[in-house]
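Read the structure below first, then the notes.
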Amino acid sequence: MTAPAPLMSLVWTDHVTGRQGFLVVDRLVRGVASGGLRMRPGCTLEEVTGLARGMTMKEALHYDPEARYVPLGGAKGGIDCDPRDPTAYGLLVRYLRAMRPYIESLWTTGEDLGLTQDLIDRAAAEAGLVSSVQAVYPLLDDEATARKRLADAFAVEVDGIGLDELAGGCGVAESVLTALDRAGVPYPGTRVAVQGLGTMGGATVRFLARAGLTVVAVADIKGTIANPAGLDVETLLAARDGYGTVDRRVLRPGDRELPGGAWLSAEAEVLVPAAVSYAIDAADQARISARWIVEAANMPVLPRAEELLAARGVTVLPDVVVNSGTNAWWWWTLFGDIGADADEAFAHIRRSMRALVALMLDRADADGTTPRAAAHALVADRLPVIADRFGWYR
């Protein structure tokens, strides 16, 4: 499907550092759009525009007429800065202050690449905001109860890890397991390589390892850690810093340190890019021998690379489905489809993601196309229904 132009695009220049920030609102539903805020060096308006369109698709794909959660439109924010830069926090506060009218009225946002929810919440308070999702409050039946339910959910921990940090990875892992089940591939003996051990990548490998898969390679900013016999996932996750970088002092004798791109050529059935956009280009894809690429990151596989991979029989499960669990979990909780309980949240995520991935793969089989094309077709089916029922502002 051809994506129409976004409703609104903003480019902001920080008067202190000269760095730029972006906001793109792709569409509004009931006057509100949803999408996270990322911070990374080299972030561009084009990137944020693609991410905003992806958020429109994620929201539409989770539409359930029987649910309390009503999909929103799609939006995205981005800041061109290294989050490790000493000036990054002040830049974030000034960006949020500049975007305050939009956050108060139409854009609900949260953590994305380079930023944690705790950091966004702290900066939002300093910028004079009530919440990074306050634009959705007028749509709630009982705002006080809903806000308490979401706050209680963010306070839930599982083995010392926040439920909010695990929800998205649970959805990615369930997408992997659904693909394996459909192909009749047993979990034991199935090997996984992942790029990125931040919130999404870390939670994904945790769930996959506990399901019985073998994680043979992980990549962070320092390079790739590999072990064909399997890595000690829990030890690596416990040794991460706030940016997902592993302390190499915990590596075992059989663990090898390899260059950063080595995860691409790992002998694994499943690759999970869970870090940056545009991670796999046409040249990179030739190094891949995996059967599935599961996009935990946003837009990690470039279109030409995906065409070449498909021609070689490699299936790419697209980000708009695979990593949509985090966003959906927020709204399921806030609108009251689930409570502030980890077991209930994981069960709902698993059930919803399995149904959505199966629907996408069934559509791909029926149409003789790729899963991404099938996801676009499903969105095209659902958008008119949402527009007719709730109003659709272009």
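Residue numbers start at 1 in each chain; chains themselves are named A, B, ... in the order of the structure tokens; ligands are numbered from 1 in the order shown.
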
Handout entry: Exercise: Asp164 of chain A partners within 9 Å, only C-alpha atoms, chain neighbours under 2 positions left out, as a ChimeraX atom specification
Key = /A:117,153-157,161-162,166-168,326,329-330

Selection above as a file: N, CA, C and O atoms, as a PDB file, in the first residue's frame:
ATOM      1  N   GLN A 117      11.902   4.895  29.929  1.00  0.00           N
ATOM      2  CA  GLN A 117      10.683   5.573  30.381  1.00  0.00           C
ATOM      3  C   GLN A 117      10.957   6.403  31.626  1.00  0.00           C
ATOM      4  O   GLN A 117      10.413   7.504  31.775  1.00  0.00           O
ATOM      5  N   ALA A 153       0.970  -1.071  37.332  1.00  0.00           N
ATOM      6  CA  ALA A 153       1.602  -2.010  36.404  1.00  0.00           C
ATOM      7  C   ALA A 153       3.078  -1.701  36.230  1.00  0.00           C
ATOM      8  O   ALA A 153       3.911  -2.615  36.158  1.00  0.00           O
ATOM      9  N   PHE A 154       3.423  -0.419  36.178  1.00  0.00           N
ATOM     10  CA  PHE A 154       4.833  -0.040  36.054  1.00  0.00           C
ATOM     11  C   PHE A 154       5.619  -0.368  37.321  1.00  0.00           C
ATOM     12  O   PHE A 154       6.851  -0.479  37.271  1.00  0.00           O
ATOM     13  N   ALA A 155       4.943  -0.530  38.430  1.00  0.00           N
ATOM     14  CA  ALA A 155       5.624  -0.881  39.683  1.00  0.00           C
ATOM     15  C   ALA A 155       5.825  -2.390  39.826  1.00  0.00           C
ATOM     16  O   ALA A 155       6.568  -2.834  40.704  1.00  0.00           O
ATOM     17  N   VAL A 156       5.174  -3.193  38.970  1.00  0.00           N
ATOM     18  CA  VAL A 156       5.301  -4.652  39.039  1.00  0.00           C
ATOM     19  C   VAL A 156       6.688  -5.070  38.548  1.00  0.00           C
ATOM     20  O   VAL A 156       7.166  -4.601  37.511  1.00  0.00           O
ATOM     21  N   GLU A 157       7.329  -5.959  39.289  1.00  0.00           N
ATOM     22  CA  GLU A 157       8.621  -6.508  38.883  1.00  0.00           C
ATOM     23  C   GLU A 157       8.543  -8.022  38.794  1.00  0.00           C
ATOM     24  O   GLU A 157       7.814  -8.664  39.561  1.00  0.00           O
ATOM     25  N   ILE A 161      12.988  -7.307  37.483  1.00  0.00           N
ATOM     26  CA  ILE A 161      12.904  -6.536  36.244  1.00  0.00           C
ATOM     27  C   ILE A 161      11.487  -6.002  36.100  1.00  0.00           C
ATOM     28  O   ILE A 161      10.513  -6.728  36.326  1.00  0.00           O
ATOM     29  N   GLY A 162      11.353  -4.748  35.710  1.00  0.00           N
ATOM     30  CA  GLY A 162      10.041  -4.134  35.579  1.00  0.00           C
ATOM     31  C   GLY A 162       9.206  -4.793  34.490  1.00  0.00           C
ATOM     32  O   GLY A 162       9.719  -5.150  33.423  1.00  0.00           O
ATOM     33  N   LEU A 166       9.640  -5.925  30.133  1.00  0.00           N
ATOM     34  CA  LEU A 166       9.512  -7.304  29.658  1.00  0.00           C
ATOM     35  C   LEU A 166       8.385  -7.490  28.645  1.00  0.00           C
ATOM     36  O   LEU A 166       8.410  -8.454  27.865  1.00  0.00           O
ATOM     37  N   ALA A 167       7.418  -6.584  28.623  1.00  0.00           N
ATOM     38  CA  ALA A 167       6.228  -6.785  27.794  1.00  0.00           C
ATOM     39  C   ALA A 167       6.570  -6.909  26.312  1.00  0.00           C
ATOM     40  O   ALA A 167       6.097  -7.825  25.624  1.00  0.00           O
ATOM     41  N   GLY A 168       7.386  -5.998  25.803  1.00  0.00           N
ATOM     42  CA  GLY A 168       7.710  -6.034  24.383  1.00  0.00           C
ATOM     43  C   GLY A 168       8.478  -7.267  23.984  1.00  0.00           C
ATOM     44  O   GLY A 168       8.208  -7.887  22.943  1.00  0.00           O
ATOM     45  N   THR A 326       4.714  -3.901  23.173  1.00  0.00           N
ATOM     46  CA  THR A 326       4.919  -2.884  24.206  1.00  0.00           C
ATOM     47  C   THR A 326       3.836  -1.825  24.143  1.00  0.00           C
ATOM     48  O   THR A 326       3.202  -1.483  25.152  1.00  0.00           O
ATOM     49  N   TRP A 329       0.489  -3.207  25.184  1.00  0.00           N
ATOM     50  CA  TRP A 329       0.402  -3.457  26.628  1.00  0.00           C
ATOM     51  C   TRP A 329       0.058  -2.187  27.387  1.00  0.00           C
ATOM     52  O   TRP A 329      -0.763  -2.202  28.323  1.00  0.00           O
ATOM     53  N   TRP A 330       0.704  -1.076  27.019  1.00  0.00           N
ATOM     54  CA  TRP A 330       0.371   0.210  27.648  1.00  0.00           C
ATOM     55  C   TRP A 330      -1.135   0.446  27.594  1.00  0.00           C
ATOM     56  O   TRP A 330      -1.762   0.749  28.615  1.00  0.00           O
TER      57      TRP A 330
END

Exercise for the section: Might you pull out every residue within 7 Å of Ala290 of chain A, with only C-alpha atoms counted and same-chain residues fewer than 3 positions away left off, and present them as a ChimeraX atom specification? Expected result: /A:268-271,314

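Taking only C-alpha atoms into account, Asp85 of chain A lies nearest to A:Thr17 out of the set A:Gly36, A:Thr17, A:Tyr137, A:Met57.
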
Can you tell me, as a tab-separated table (two decimals) with N, CA, C and O atoms, in the first residue's frame, what residues are no more than 8 Å from segment 205-216 of chain A when counting only C-alpha atoms, ignoring any on the same chain fewer than 2 positions away?
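What landed in result_9.tsv:
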chain	number	residue	atom	x	y	z
A	169	GLY	N	9.46	-7.65	24.80
A	169	GLY	CA	10.25	-8.85	24.51
A	169	GLY	C	9.43	-10.11	24.56
A	169	GLY	O	9.68	-11.06	23.79
A	170	CYS	N	8.42	-10.14	25.43
A	170	CYS	CA	7.50	-11.28	25.46
A	170	CYS	C	6.80	-11.40	24.11
A	170	CYS	O	6.66	-12.50	23.56
A	173	ALA	N	9.34	-12.65	21.42
A	173	ALA	CA	9.61	-14.07	21.61
A	173	ALA	C	8.43	-14.92	21.15
A	173	ALA	O	8.61	-15.97	20.51
A	187	TYR	N	11.82	-26.32	19.73
A	187	TYR	CA	12.58	-25.25	20.36
A	187	TYR	C	13.99	-25.69	20.73
A	187	TYR	O	14.95	-24.96	20.41
A	188	PRO	N	14.18	-26.84	21.40
A	188	PRO	CA	15.55	-27.28	21.70
A	188	PRO	C	16.33	-27.49	20.41
A	188	PRO	O	15.85	-28.11	19.46
A	189	GLY	N	17.52	-26.95	20.37
A	189	GLY	CA	18.35	-27.07	19.18
A	189	GLY	C	18.21	-25.91	18.21
A	189	GLY	O	19.02	-25.76	17.29
A	190	THR	N	17.20	-25.07	18.39
A	190	THR	CA	17.04	-23.89	17.55
A	190	THR	C	17.92	-22.77	18.10
A	190	THR	O	17.83	-22.42	19.28
A	191	ARG	N	18.76	-22.22	17.22
A	191	ARG	CA	19.76	-21.24	17.65
A	191	ARG	C	19.33	-19.83	17.27
A	191	ARG	O	18.72	-19.61	16.24
A	192	VAL	N	19.69	-18.88	18.15
A	192	VAL	CA	19.28	-17.50	17.99
A	192	VAL	C	20.50	-16.59	18.11
A	192	VAL	O	21.36	-16.79	18.96
A	193	ALA	N	20.55	-15.57	17.24
A	193	ALA	CA	21.53	-14.50	17.37
A	193	ALA	C	20.77	-13.18	17.43
A	193	ALA	O	19.81	-12.98	16.69
A	194	VAL	N	21.20	-12.27	18.30
A	194	VAL	CA	20.46	-11.03	18.50
A	194	VAL	C	21.42	-9.85	18.48
A	194	VAL	O	22.54	-9.92	19.00
A	201	GLY	N	15.74	-6.22	23.23
A	201	GLY	CA	16.58	-7.38	22.93
A	201	GLY	C	16.83	-8.25	24.15
A	201	GLY	O	16.80	-9.47	24.07
A	202	GLY	N	17.07	-7.60	25.29
A	202	GLY	CA	17.33	-8.36	26.51
A	202	GLY	C	16.14	-9.20	26.93
A	202	GLY	O	16.28	-10.38	27.27
A	203	ALA	N	14.95	-8.60	26.91
A	203	ALA	CA	13.76	-9.35	27.29
A	203	ALA	C	13.48	-10.48	26.29
A	203	ALA	O	13.07	-11.58	26.68
A	218	VAL	N	25.24	-12.54	20.74
A	218	VAL	CA	24.59	-11.27	21.06
A	218	VAL	C	25.57	-10.15	20.71
A	218	VAL	O	26.78	-10.29	20.90
A	226	ALA	N	29.97	-14.46	21.23
A	226	ALA	CA	29.44	-15.68	20.60
A	226	ALA	C	29.94	-16.92	21.29
A	226	ALA	O	31.05	-16.96	21.83
A	227	ASN	N	29.09	-17.94	21.28
A	227	ASN	CA	29.47	-19.26	21.76
A	227	ASN	C	28.54	-20.26	21.08
A	227	ASN	O	27.33	-20.27	21.35
A	228	PRO	N	29.05	-21.09	20.17
A	228	PRO	CA	28.18	-22.02	19.44
A	228	PRO	C	27.48	-23.02	20.35
A	228	PRO	O	26.45	-23.59	19.97
A	229	ALA	N	28.00	-23.23	21.55
A	229	ALA	CA	27.36	-24.14	22.49
A	229	ALA	C	26.26	-23.44	23.29
A	229	ALA	O	25.51	-24.11	24.02
A	230	GLY	N	26.18	-22.13	23.16
A	230	GLY	CA	25.16	-21.39	23.89
A	230	GLY	C	25.75	-20.46	24.93
A	230	GLY	O	26.69	-20.83	25.64
A	231	LEU	N	25.23	-19.25	25.00
A	231	LEU	CA	25.68	-18.26	25.98
A	231	LEU	C	24.86	-18.37	27.26
A	231	LEU	O	23.72	-18.84	27.25
A	233	VAL	N	22.74	-16.62	29.17
A	233	VAL	CA	21.93	-15.42	28.95
A	233	VAL	C	21.72	-14.64	30.24
A	233	VAL	O	21.88	-13.42	30.28
A	234	GLU	N	21.35	-15.30	31.30
A	234	GLU	CA	21.05	-14.60	32.55
A	234	GLU	C	22.26	-13.84	33.08
A	234	GLU	O	22.14	-12.72	33.58
A	266	ALA	N	26.24	-15.46	12.13
A	266	ALA	CA	26.22	-16.56	13.11
A	266	ALA	C	25.45	-17.75	12.56
A	266	ALA	O	24.47	-17.58	11.83
A	268	ALA	N	22.85	-19.73	12.98
A	268	ALA	CA	21.63	-19.69	13.78
A	268	ALA	C	20.43	-19.76	12.85
A	268	ALA	O	20.49	-19.32	11.69

Handout entry: Close residues, Ala33 of chain A itself excluded, 9 Å, only C-alpha atoms, min 2 positions apart in chain, as a PyMOL selection string
Key = chain A and resi 25-31+35+55-56+71-76+106-109+135-136

Practice task
Find the residues around Leu45 of chain A up to 10 Å (only C-alpha atoms counted), leave out those fewer than 4 positions away in its own chain, and share them as a ChimeraX atom specification.
Solution key: /A:9-11,20-24,49-51,77-80

Using only C-alpha atoms, find each residue of segment 100-209 of chain A with at least one atom at most 8 Å away from an atom of segment 349-361 of chain A; report its shortest atom-to-atom pair and that distance in Å (one decimal), sort the rows by chain and rising residue number, and return the result as JSON lines.
{"residue": "A:Ala167", "atom": "CA", "partner": "A:Ile349", "partner_atom": "CA", "distance": 7.5}
{"residue": "A:Cys170", "atom": "CA", "partner": "A:Ile349", "partner_atom": "CA", "distance": 7.2}
{"residue": "A:Gly171", "atom": "CA", "partner": "A:Ile349", "partner_atom": "CA", "distance": 6.0}
{"residue": "A:Glu174", "atom": "CA", "partner": "A:Arg350", "partner_atom": "CA", "distance": 6.0}
{"residue": "A:Ser175", "atom": "CA", "partner": "A:Val357", "partner_atom": "CA", "distance": 6.3}
{"residue": "A:Thr178", "atom": "CA", "partner": "A:Arg354", "partner_atom": "CA", "distance": 6.0}
{"residue": "A:Ala179", "atom": "CA", "partner": "A:Val357", "partner_atom": "CA", "distance": 7.9}

Exercise for the section: Would you mind telling me which residue in A:Pro300, A:Pro4, A:Gly244, A:Pro86 lies nearest to Met200 of chain A when using only C-alpha atoms? Expected result: A:Gly244

Practice task
Using DSSP on the backbone coordinates, identify all residues within segment 265-339 of chain A classified as strand (DSSP E or B); present the result as a PyMOL selection string.
Solution key: chain A and resi 270-273+280+292-294+301+315-317

Practice task
Could you give me, as a PyMOL selection string, each residue of segment 311-365 of chain A that DSSP assigns to alpha helix (DSSP H) when run on this structure's backbone?
Solution key: chain A and resi 311+319-322+325-335+342-365

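The residue that comes closest to Gly336 of chain A, out of A:Asp142, A:Asp284, A:Glu59, A:Asp255 and on the basis of only C-alpha atoms, is A:Asp142.
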
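Distance-wise, atom CA of Ala345 of chain A and atom CA of Leu37 of chain A end up 23.5 Å apart.
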
Handout entry: From A:Ile221, A:Val246, A:Cys43, A:Ala275, residue lying nearest Gly260 of chain A [only C-alpha atoms]
Key = A:Ile221

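For the choices A:Leu113, A:Ala67, A:Val301, A:Ala342, the atom-to-atom distance to Pro83 of chain A is smallest for A:Leu113 when using only C-alpha atoms.
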